[in-house]
file my_file-v7.txt (compact mmCIF, C-alpha atoms)
# COMPACT_ATOMS: atom_id res chain seq x y z
CA MET A 1 -37.02 -1.72 6.80
CA THR A 2 -36.26 1.33 4.70
CA GLY A 3 -34.26 2.87 7.54
CA ALA A 4 -32.26 -0.33 8.04
CA ARG A 5 -31.54 -0.51 4.32
CA ASP A 6 -30.41 3.12 4.25
CA ARG A 7 -28.09 2.49 7.21
CA ALA A 8 -26.62 -0.56 5.48
CA GLU A 9 -26.09 1.36 2.24
CA GLY A 10 -24.42 4.20 4.14
CA ALA A 11 -22.09 1.77 5.90
CA LEU A 12 -21.22 0.11 2.60
CA ASP A 13 -20.36 3.51 1.14
CA LEU A 14 -17.93 4.07 4.02
CA LEU A 15 -16.41 0.59 3.68
CA PHE A 16 -15.83 1.01 -0.04
CA ARG A 17 -14.40 4.48 0.46
CA ARG A 18 -11.92 2.77 2.76
CA VAL A 19 -11.23 0.12 0.09
CA GLU A 20 -10.36 2.90 -2.37
CA GLU A 21 -7.98 4.47 0.16
CA THR A 22 -6.45 1.09 0.97
CA LEU A 23 -5.86 0.27 -2.69
CA GLY A 24 -3.94 3.50 -3.11
CA GLN A 25 -1.88 2.67 -0.04
CA VAL A 26 -1.00 -1.00 -0.69
CA GLY A 27 -0.69 -1.05 -4.47
CA GLY A 28 0.11 -4.58 -5.66
CA ARG A 29 0.50 -5.97 -2.15
CA PHE A 30 -2.21 -7.39 0.11
CA PRO A 31 -3.46 -5.64 3.27
CA LEU A 32 -3.41 -7.70 6.47
CA TYR A 33 -4.18 -5.43 9.45
CA ALA A 34 -4.18 -1.67 9.96
CA ASP A 35 -3.13 0.53 12.88
CA PRO A 36 -6.26 1.94 14.55
CA ALA A 37 -4.61 5.32 15.10
CA ASP A 38 -3.75 6.24 11.52
CA GLY A 39 -5.08 3.44 9.31
CA ARG A 40 -1.67 2.41 7.96
CA TRP A 41 -1.72 -1.18 6.75
CA THR A 42 0.73 -3.97 7.46
CA THR A 43 0.89 -5.80 4.14
CA THR A 44 2.04 -9.08 2.61
CA GLY A 45 3.44 -9.69 -0.83
CA ARG A 46 1.68 -13.00 -1.55
CA GLY A 47 -1.45 -12.48 0.53
CA SER A 48 -0.90 -15.14 3.19
CA TRP A 49 -4.16 -16.80 4.29
CA THR A 50 -6.03 -13.48 4.07
CA GLY A 51 -5.39 -12.51 0.45
CA GLY A 52 -8.74 -13.80 -0.78
CA PHE A 53 -10.59 -11.40 1.49
CA TRP A 54 -8.90 -8.45 -0.16
CA ALA A 55 -9.83 -9.73 -3.61
CA GLY A 56 -13.35 -10.39 -2.30
CA LEU A 57 -13.63 -6.84 -1.00
CA LEU A 58 -12.61 -5.53 -4.40
CA TRP A 59 -15.27 -7.68 -6.07
CA LEU A 60 -17.88 -6.41 -3.61
CA ARG A 61 -16.84 -2.84 -4.43
CA ALA A 62 -17.14 -3.56 -8.16
CA ARG A 63 -20.70 -4.80 -7.61
CA HIS A 64 -21.46 -1.70 -5.55
CA THR A 65 -20.13 0.80 -8.10
CA GLY A 66 -20.62 -1.05 -11.39
CA ARG A 67 -17.44 0.56 -12.73
CA ALA A 68 -15.29 -1.31 -15.23
CA GLU A 69 -12.09 -0.05 -13.62
CA ASP A 70 -13.16 -1.55 -10.28
CA ARG A 71 -13.76 -4.93 -11.92
CA SER A 72 -10.30 -4.71 -13.47
CA ALA A 73 -8.72 -4.01 -10.07
CA ALA A 74 -10.56 -6.97 -8.54
CA SER A 75 -9.56 -9.29 -11.38
CA ALA A 76 -5.91 -8.25 -11.06
CA ALA A 77 -5.88 -8.95 -7.32
CA THR A 78 -7.50 -12.33 -7.91
CA ALA A 79 -4.87 -13.26 -10.48
CA ARG A 80 -2.15 -12.61 -7.89
CA LEU A 81 -3.64 -15.38 -5.72
CA ALA A 82 -2.70 -18.05 -8.28
CA PRO A 83 0.36 -19.37 -6.36
CA TRP A 84 -1.97 -20.54 -3.59
CA ALA A 85 -3.89 -22.94 -5.82
CA GLU A 86 -1.45 -25.81 -5.28
CA ALA A 87 -0.15 -24.69 -1.88
CA ASP A 88 -0.18 -27.38 0.81
CA THR A 89 -2.77 -25.87 3.09
CA ALA A 90 -6.46 -26.31 3.81
CA ALA A 91 -6.52 -22.51 4.16
CA ARG A 92 -6.63 -22.36 0.38
CA GLY A 93 -10.39 -22.45 0.92
CA LEU A 94 -10.21 -19.05 2.63
CA VAL A 95 -7.95 -17.70 -0.10
CA LEU A 96 -9.42 -19.12 -3.26
CA TRP A 97 -13.11 -19.43 -2.47
CA TYR A 98 -13.67 -15.97 -1.03
CA GLY A 99 -11.26 -14.48 -3.55
CA THR A 100 -13.23 -15.85 -6.52
CA ALA A 101 -16.83 -16.62 -5.50
CA LEU A 102 -18.04 -13.05 -6.04
CA ALA A 103 -16.38 -12.77 -9.45
CA THR A 104 -19.16 -13.34 -11.98
CA GLU A 105 -18.26 -13.65 -15.65
CA ASP A 106 -14.56 -13.25 -14.94
CA GLY A 107 -12.46 -15.81 -16.77
CA VAL A 108 -9.41 -15.36 -14.56
CA ALA A 109 -11.35 -16.05 -11.37
CA THR A 110 -13.31 -18.96 -12.86
CA ALA A 111 -10.18 -20.71 -14.11
CA LEU A 112 -8.39 -20.17 -10.82
CA ARG A 113 -11.32 -21.49 -8.78
CA GLU A 114 -11.54 -24.62 -10.94
CA ARG A 115 -7.80 -25.20 -10.67
CA ALA A 116 -7.87 -24.75 -6.89
CA ALA A 117 -10.86 -27.07 -6.51
CA LYS A 118 -9.04 -29.85 -8.38
CA ALA A 119 -5.92 -29.34 -6.28
CA ALA A 120 -7.94 -29.40 -3.06
CA LEU A 121 -9.63 -32.62 -4.11
CA ALA A 122 -6.24 -34.17 -4.91
CA ALA A 123 -5.10 -33.24 -1.39
CA TRP A 124 -8.08 -34.94 0.26
CA ASP A 125 -6.90 -37.91 2.32
CA PRO A 126 -9.60 -40.61 2.36
CA ALA A 127 -7.91 -42.42 5.27
CA LEU A 128 -8.20 -39.29 7.42
CA GLY A 129 -11.50 -38.19 5.91
CA LEU A 130 -10.24 -34.64 5.40
CA VAL A 131 -7.79 -32.34 3.64
CA PRO A 132 -4.92 -31.92 6.16
CA TRP A 133 -4.12 -28.44 7.40
CA GLY A 134 -0.82 -28.71 5.53
CA ALA A 135 2.66 -27.30 5.92
CA ALA A 136 2.50 -24.16 3.75
CA LEU A 137 1.85 -21.87 6.71
CA GLY A 138 4.30 -23.60 9.04
CA GLY A 139 4.00 -26.30 11.68
CA PRO A 140 3.16 -30.00 11.37
CA ARG A 141 1.25 -30.98 8.27
CA LEU A 142 -1.18 -33.51 9.74
CA ARG A 143 -3.42 -31.20 11.67
CA ALA A 144 -7.11 -30.32 11.57
CA ARG A 145 -8.15 -26.75 12.39
CA ALA A 146 -11.42 -24.90 12.46
CA ASP A 147 -10.11 -22.34 9.97
CA GLY A 148 -9.36 -25.14 7.51
CA VAL A 149 -13.07 -25.77 6.89
CA PRO A 150 -14.78 -22.51 5.78
CA GLY A 151 -14.30 -21.81 2.11
CA LEU A 152 -12.90 -25.29 1.52
CA VAL A 153 -16.37 -26.87 1.82
CA PRO A 154 -17.84 -24.92 -1.13
CA LEU A 155 -14.52 -25.01 -3.01
CA LEU A 156 -14.37 -28.82 -2.83
CA GLY A 157 -18.07 -28.97 -3.56
CA SER A 158 -17.51 -27.20 -6.87
CA ALA A 159 -15.35 -30.12 -8.09
CA GLY A 160 -18.21 -32.37 -9.18
CA PRO A 161 -19.73 -35.38 -7.39
CA GLU A 162 -16.41 -36.61 -6.02
CA GLY A 163 -15.66 -33.13 -4.73
CA ARG A 164 -19.06 -32.86 -3.02
CA ALA A 165 -18.49 -36.17 -1.25
CA ALA A 166 -15.05 -35.01 -0.12
CA ALA A 167 -16.50 -31.67 1.06
CA ALA A 168 -19.10 -33.44 3.18
CA ALA A 169 -16.50 -35.80 4.68
CA HIS A 170 -14.10 -32.93 5.40
CA LEU A 171 -16.81 -30.95 7.17
CA HIS A 172 -18.11 -33.85 9.23
CA ARG A 173 -14.61 -34.92 10.25
CA HIS A 174 -13.84 -31.47 11.60
CA LEU A 175 -17.17 -31.25 13.39
CA ASP A 176 -16.55 -34.69 14.91
CA LEU A 177 -13.22 -33.49 16.29
CA CYS A 178 -14.05 -29.94 17.27
CA LEU A 179 -17.33 -30.81 19.00
CA SER A 180 -16.02 -33.89 20.79
CA GLY A 181 -15.33 -32.18 24.12
CA GLU A 182 -17.35 -32.28 27.29
CA GLU A 183 -21.03 -31.38 27.08
CA GLY A 184 -21.40 -27.66 27.62
CA GLY A 185 -17.75 -26.94 26.86
CA ARG A 186 -16.44 -24.76 24.04
CA PRO A 187 -15.43 -26.37 20.73
CA CYS A 188 -11.79 -27.46 20.48
CA PRO A 189 -10.50 -25.77 17.30
CA ALA A 190 -7.15 -27.48 16.66
CA TRP A 191 -6.03 -31.12 16.50
CA ARG A 192 -2.84 -32.95 15.61
CA ARG A 193 -2.54 -36.44 14.16
CA ASP A 194 -0.32 -38.92 16.00
CA ARG A 195 1.30 -40.90 13.19
CA THR A 196 2.36 -43.76 15.45
CA ARG A 197 -0.92 -44.31 17.23
CA GLY A 198 -3.17 -43.23 14.40
CA THR A 199 -5.19 -41.00 16.73
CA TRP A 200 -5.97 -37.30 17.07
CA ALA A 201 -4.86 -35.16 20.02
CA ALA A 202 -6.18 -31.70 20.86
CA GLU A 203 -3.73 -28.80 20.65
CA ASN A 204 -3.73 -25.85 23.03
CA ASP A 205 -3.02 -23.09 20.52
CA PRO A 206 -5.55 -22.05 19.48
CA ALA A 207 -7.41 -23.36 22.50
CA PRO A 208 -11.12 -23.80 23.27
CA GLY A 209 -12.72 -20.39 23.66
CA TRP A 210 -11.17 -18.99 20.46
CA THR A 211 -14.31 -17.26 19.29
CA ARG A 212 -13.17 -16.68 15.71
CA GLY A 213 -12.61 -20.43 15.40
CA GLU A 214 -16.16 -21.01 16.61
CA ALA A 215 -17.45 -18.55 14.03
CA TRP A 216 -15.44 -20.32 11.29
CA LEU A 217 -17.03 -23.64 12.27
CA LEU A 218 -20.54 -22.17 12.26
CA LEU A 219 -19.93 -20.66 8.83
CA ALA A 220 -18.72 -23.98 7.44
CA ALA A 221 -21.65 -25.88 8.94
CA ALA A 222 -24.08 -23.34 7.45
CA ASP A 223 -22.47 -23.79 4.03
CA GLY A 224 -22.84 -27.54 4.42
CA LEU A 225 -26.55 -27.28 5.20
CA LEU A 226 -27.14 -24.93 2.27
CA ARG A 227 -25.40 -27.38 -0.06
CA ALA A 228 -26.72 -30.65 1.38
CA ASP A 229 -28.02 -32.41 -1.72
CA GLY A 230 -27.44 -36.08 -0.97
CA PRO A 231 -26.97 -38.67 1.78
CA SER A 232 -23.25 -38.03 2.18
CA TRP A 233 -24.04 -34.62 3.70
CA ARG A 234 -26.12 -36.17 6.54
CA ALA A 235 -28.25 -33.06 6.80
CA ASP A 236 -29.93 -34.11 10.05
CA ARG A 237 -26.57 -34.54 11.70
CA LEU A 238 -25.40 -31.19 10.36
CA ALA A 239 -28.48 -29.54 11.82
CA SER A 240 -27.72 -31.13 15.21
CA ALA A 241 -24.12 -29.86 14.99
CA VAL A 242 -25.41 -26.35 14.22
CA GLU A 243 -27.69 -26.44 17.26
CA LEU A 244 -24.76 -27.51 19.42
CA LEU A 245 -22.51 -24.80 17.98
CA LEU A 246 -25.15 -22.13 18.48
CA ARG A 247 -25.37 -23.14 22.14
CA GLN A 248 -21.69 -23.73 22.89
CA GLY A 249 -20.55 -20.59 21.07
CA GLU A 250 -23.31 -18.44 22.59
CA PHE A 251 -24.14 -17.13 19.13
CA LEU A 252 -27.75 -16.27 19.97
CA ASP A 253 -27.44 -15.10 23.56
CA GLY A 254 -23.84 -14.04 24.18
CA PRO A 255 -22.26 -10.63 23.55
CA LEU A 256 -22.89 -9.20 20.10
CA VAL A 257 -19.13 -8.66 19.80
CA PRO A 258 -17.38 -11.48 21.65
CA PRO A 259 -13.98 -11.40 23.33
CA ALA A 260 -11.26 -12.93 21.18
CA GLU A 261 -10.68 -15.59 23.87
CA ALA A 262 -13.79 -16.51 25.84
CA HIS A 263 -11.85 -17.99 28.76
CA GLU A 264 -9.35 -15.14 29.16
CA PRO A 265 -10.38 -12.35 31.58
CA GLY A 266 -9.79 -8.98 29.97
CA ALA A 267 -9.36 -10.40 26.47
CA PRO A 268 -9.85 -7.78 23.75
CA PRO A 269 -12.99 -7.93 21.61
CA ASP A 270 -12.86 -9.37 18.12
CA THR A 271 -15.17 -7.65 15.67
CA SER A 272 -13.95 -9.97 12.93
CA ALA A 273 -15.38 -12.95 14.83
CA ALA A 274 -18.67 -11.07 15.11
CA ALA A 275 -18.73 -10.27 11.38
CA ILE A 276 -18.02 -13.89 10.40
CA ALA A 277 -20.73 -15.07 12.79
CA ALA A 278 -23.22 -12.57 11.33
CA VAL A 279 -22.72 -13.97 7.83
CA ALA A 280 -23.05 -17.53 9.15
CA LEU A 281 -26.28 -16.59 10.93
CA LEU A 282 -27.67 -14.95 7.79
CA LYS A 283 -26.98 -18.18 5.93
CA LEU A 284 -28.74 -20.21 8.62
CA ALA A 285 -31.70 -17.85 8.43
CA ARG A 286 -32.19 -19.04 4.83
CA LEU A 287 -33.32 -22.44 6.16
CA PRO A 288 -36.97 -21.71 7.02
CA GLY A 289 -37.71 -25.22 8.24
CA ALA A 290 -35.20 -24.92 11.06
CA ALA A 291 -36.45 -23.94 14.51
CA TRP A 292 -33.60 -21.48 14.91
CA ALA A 293 -33.82 -19.80 11.49
CA GLU A 294 -35.84 -16.76 12.56
CA ALA A 295 -33.70 -16.19 15.66
CA CYS A 296 -30.55 -16.42 13.53
CA GLY A 297 -31.83 -13.73 11.17
CA ARG A 298 -32.70 -11.34 14.00
CA ARG A 299 -29.38 -11.91 15.72
CA ALA A 300 -27.39 -11.39 12.50
CA GLU A 301 -29.03 -8.03 11.92
CA ALA A 302 -28.38 -7.02 15.53
CA VAL A 303 -24.69 -7.93 15.23
CA LEU A 304 -24.28 -6.02 11.97
CA ARG A 305 -26.03 -3.00 13.45
CA ARG A 306 -23.71 -3.04 16.49
CA LEU A 307 -20.61 -3.30 14.29
CA VAL A 308 -21.72 -0.35 12.16
CA GLU A 309 -22.88 1.86 15.01
CA ALA A 310 -20.13 1.19 17.56
CA HIS A 311 -17.03 0.00 15.68
CA LEU A 312 -16.99 1.56 12.19
CA SER A 313 -14.90 4.73 11.96
CA ARG A 314 -16.68 7.84 10.72
CA PRO A 315 -15.65 10.81 8.59
CA GLY A 316 -14.10 13.79 10.30
CA GLY A 317 -11.68 12.01 12.63
CA SER A 318 -7.92 11.60 12.61
CA ARG A 319 -8.15 8.19 10.97
CA PRO A 320 -9.78 7.16 7.69
CA ALA A 321 -13.52 6.52 7.61
CA GLY A 322 -14.80 3.00 7.02
CA MET A 323 -12.39 1.09 9.26
CA LEU A 324 -13.93 -1.81 11.20
CA LEU A 325 -12.03 -1.30 14.45
CA ASP A 326 -11.47 -3.59 17.44
CA GLY A 327 -10.50 -6.71 15.53
CA CYS A 328 -8.03 -9.08 17.15
CA TYR A 329 -5.48 -10.94 15.04
CA ASP A 330 -3.92 -12.91 17.92
CA ALA A 331 -4.76 -12.21 21.55
CA ARG A 332 -2.14 -14.59 22.97
CA SER A 333 0.81 -12.90 21.30
CA GLY A 334 -0.74 -9.44 21.39
CA THR A 335 -0.42 -9.14 17.61
CA ALA A 336 -2.80 -6.52 16.19
CA ALA A 337 -5.03 -6.90 19.23
CA ARG A 338 -7.37 -3.95 18.54
CA HIS A 339 -6.87 -3.31 14.84
CA GLU A 340 -8.71 -3.19 11.55
CA LEU A 341 -8.47 -6.64 9.93
CA VAL A 342 -9.01 -7.19 6.22
CA TRP A 343 -11.23 -10.24 6.77
CA GLY A 344 -13.31 -8.32 9.30
CA ASP A 345 -13.94 -5.63 6.68
CA PHE A 346 -14.80 -8.31 4.13
CA PHE A 347 -17.38 -10.15 6.23
CA LEU A 348 -18.99 -6.93 7.41
CA ALA A 349 -19.31 -5.78 3.79
CA LEU A 350 -20.58 -9.21 2.72
CA GLY A 351 -23.23 -9.26 5.44
CA LEU A 352 -24.41 -5.75 4.65
CA ALA A 353 -24.46 -6.45 0.92
CA ALA A 354 -26.62 -9.51 1.59
CA LEU A 355 -29.03 -7.45 3.69
CA VAL A 356 -29.60 -5.01 0.82
CA GLY A 357 -29.98 -7.82 -1.72
CA ARG A 358 -26.76 -7.29 -3.61
CA VAL A 359 -25.31 -10.71 -2.79
CA ASP A 360 -26.85 -14.19 -2.70
CA LEU A 361 -25.29 -15.91 0.30
CA GLY A 362 -26.28 -19.27 -1.12
CA ARG A 363 -23.57 -18.73 -3.73
CA VAL A 364 -20.77 -17.24 -1.63
call {"tool": "encode", "arguments": {"input": "my_file-v7.txt", "output": "structure tokens"}}
result
Amino acid sequence: MTGARDRAEGALDLLFRRVEETLGQVGGRFPLYADPADGRWTTTGRGSWTGGFWAGLLWLRARHTGRAEDRSAASAATARLAPWAEADTAARGLVLWYGTALATEDGVATALRERAAKAALAAWDPALGLVPWGAALGGPRLRARADGVPGLVPLLGSAGPEGRAAAAAHLHRHLDLCLSGEEGGRPCPAWRRDRTRGTWAAENDPAPGWTRGEAWLLLAAADGLLRADGPSWRADRLASAVELLLRQGEFLDGPLVPPAEAHEPGAPPDTSAAAIAAVALLKLARLPGAAWAEACGRRAEAVLRRLVEAHLSRPGGSRPAGMLLDGCYDARSGTAARHELVWGDFFLALGLAALVGRVDLGRV
């Protein structure tokens, strides 16, 4: 155990060294993905759907170092996420939960999280049983996507009893849709609402086999189980959905680092999908009454170990140390297909910080 803890601490040191270098490179912008050859970041001004992971990384670094200046940098990045609070997108859960959940005793983050939770609750559509994907990131508004569930479940849940009921409904509605395919098939991560017929139709982009989407779903389901405190959560049904996801997504017996697209021969790996899955599995391991809890804990540690040993850049090379390499932004378009991704860095750091006891995953 001591050796594993030392390895995790060493990897965290490398990741936060990379955060320091990244901050100097991007300034007041948000990193999105970095070239694997030289570590240069492609950035966004407003953060897009990934901005919360950069703020979250800065909060993790502040916990790691305990320095006041690091808390100030994290708080400043969080404040720049404010325009997303009322944005028409379910992805605000990714932005405003992960960008604020690690910020303890920070008034800026607390106020922003409360504002975002109220806005998310106002966007909940009781007729659909969910918060629509929205139009802020382009495309039709009335869609349901796997990446519109993680983060939004705990964010909605923080908005009082009405918010917890909406969070449970939002989660179950997405699980109903995404797990409605043929037995043994992969989850279908994207759906569009037909206004005329009042029905849902599966989309083909992203298509079944999108492993990051499967990891997002598992993470959201784990959050639901950890927060299930009343009948609206239907904990037994959530546990059944988790068992199905674990099997369909091959989370316990597939490759430690999955291909970005499970059905595409030669698809690049996606370390970000692996890192998200590791955090989800660590959360599931916190449920000791579940038959799969112990297996989830072992598998999470194996995934994190593989990411650190085989995919984290080391000092002494031509590129910066602490880059989680081999992440895939979009395999279909070839965008950043084997790059460092800011959310991959975040979930790797979050998983490692949980292993060493620096983060309570029941609260993040």
call {"tool": "residues_around", "arguments": {"input": "my_file-v7.txt", "residues": "Thr65 in chain A", "least_positions_apart": "3", "cutoff": "12 Å", "atoms": "all atoms listed in the file", "output": "PyMOL selection string"}}
result
chain A and resi 9+12-13+16-17+20+58-62+68-71+358
call {"tool": "residues_around", "arguments": {"input": "my_file-v7.txt", "residues": "range 194-201 of chain A", "least_positions_apart": "4", "cutoff": "10 Å", "atoms": "only C-alpha atoms", "output": "PyMOL selection string"}}
result
chain A and resi 128+142-144+177+190
call {"tool": "write_last_selection", "arguments": {"input": "my_file-v7.txt", "atoms": "C-alpha atoms", "output": "PDB file, keeping the file's coordinate frame"}}
result
ATOM      1  CA  LEU A 128      -8.200 -39.290   7.420  1.00  0.00           C
ATOM      2  CA  LEU A 142      -1.180 -33.510   9.740  1.00  0.00           C
ATOM      3  CA  ARG A 143      -3.420 -31.200  11.670  1.00  0.00           C
ATOM      4  CA  ALA A 144      -7.110 -30.320  11.570  1.00  0.00           C
ATOM      5  CA  LEU A 177     -13.220 -33.490  16.290  1.00  0.00           C
ATOM      6  CA  ALA A 190      -7.150 -27.480  16.660  1.00  0.00           C
TER       7      ALA A 190
END
call {"tool": "atom_distance", "arguments": {"input": "my_file-v7.txt", "atom1": "CA of Ala117 in chain A", "atom2": "CA of Val364 in chain A"}}
result
14.8 Å
call {"tool": "closest_residue", "arguments": {"input": "my_file-v7.txt", "among": "A:Arg363, A:Glu162, A:Glu340, A:Ala291", "to": "Arg319 in chain A", "atoms": "all atoms listed in the file"}}
result
A:Glu340
call {"tool": "closest_residue", "arguments": {"input": "my_file-v7.txt", "among": "A:Ala91, A:Leu312, A:Leu171, A:Ala353", "to": "Ala136 in chain A", "atoms": "all atoms listed in the file"}}
result
A:Ala91
call {"tool": "closest_atom_pairs", "arguments": {"input": "my_file-v7.txt", "of": "range 261-282 of chain A", "to": "range 203-215 of chain A", "cutoff": "8 Å", "atoms": "all atoms listed in the file", "output": "JSON lines"}}
result
{"residue": "A:Glu261", "atom": "CA", "partner": "A:Trp210", "partner_atom": "CA", "distance": 4.8}
{"residue": "A:Ala262", "atom": "CA", "partner": "A:Gly209", "partner_atom": "CA", "distance": 4.6}
{"residue": "A:His263", "atom": "CA", "partner": "A:Gly209", "partner_atom": "CA", "distance": 5.7}
{"residue": "A:Asp270", "atom": "CA", "partner": "A:Arg212", "partner_atom": "CA", "distance": 7.7}
{"residue": "A:Ser272", "atom": "CA", "partner": "A:Arg212", "partner_atom": "CA", "distance": 7.3}
{"residue": "A:Ala273", "atom": "CA", "partner": "A:Arg212", "partner_atom": "CA", "distance": 4.4}
{"residue": "A:Ala274", "atom": "CA", "partner": "A:Ala215", "partner_atom": "CA", "distance": 7.7}
{"residue": "A:Ile276", "atom": "CA", "partner": "A:Ala215", "partner_atom": "CA", "distance": 5.9}
{"residue": "A:Ala277", "atom": "CA", "partner": "A:Ala215", "partner_atom": "CA", "distance": 4.9}
{"residue": "A:Ala280", "atom": "CA", "partner": "A:Ala215", "partner_atom": "CA", "distance": 7.5}
call {"tool": "atom_distance", "arguments": {"input": "my_file-v7.txt", "atom1": "CA of Gly351 in chain A", "atom2": "CA of Glu301 in chain A"}}
result
8.8 Å
call {"tool": "closest_residue", "arguments": {"input": "my_file-v7.txt", "among": "A:His311, A:Arg298, A:Arg186, A:His172", "to": "Arg234 in chain A", "atoms": "all atoms listed in the file"}}
result
A:His172
call {"tool": "atom_distance", "arguments": {"input": "my_file-v7.txt", "atom1": "CA of Val257 in chain A", "atom2": "CA of Ala146 in chain A"}}
result
19.4 Å
call {"tool": "residues_around", "arguments": {"input": "my_file-v7.txt", "residues": "Ser75 in chain A", "least_positions_apart": "2", "cutoff": "9 Å", "atoms": "only C-alpha atoms", "output": "list in words"}}
result
Ala55, Leu58, Trp59, Asp70, Arg71, Ser72, Ala73, Ala77, Thr78, Ala79, Arg80, Thr100, Ala103, Asp106, Gly107, Val108 and Ala109 of chain A
call {"tool": "residues_near_point", "arguments": {"input": "my_file-v7.txt", "point": "(-11.3, -23.8, 4.1)", "cutoff": "7 Å", "atoms": "only C-alpha atoms", "output": "list in words"}}
result
Ala90, Ala91, Arg92, Gly93, Leu94, Asp147, Gly148, Val149, Pro150, Gly151, Leu152 and Val153 of chain A
call {"tool": "residues_around", "arguments": {"input": "my_file-v7.txt", "residues": "Arg115 in chain A", "least_positions_apart": "4", "cutoff": "9 Å", "atoms": "only C-alpha atoms", "output": "ChimeraX atom specification"}}
result
/A:85-86,110-111,119-120
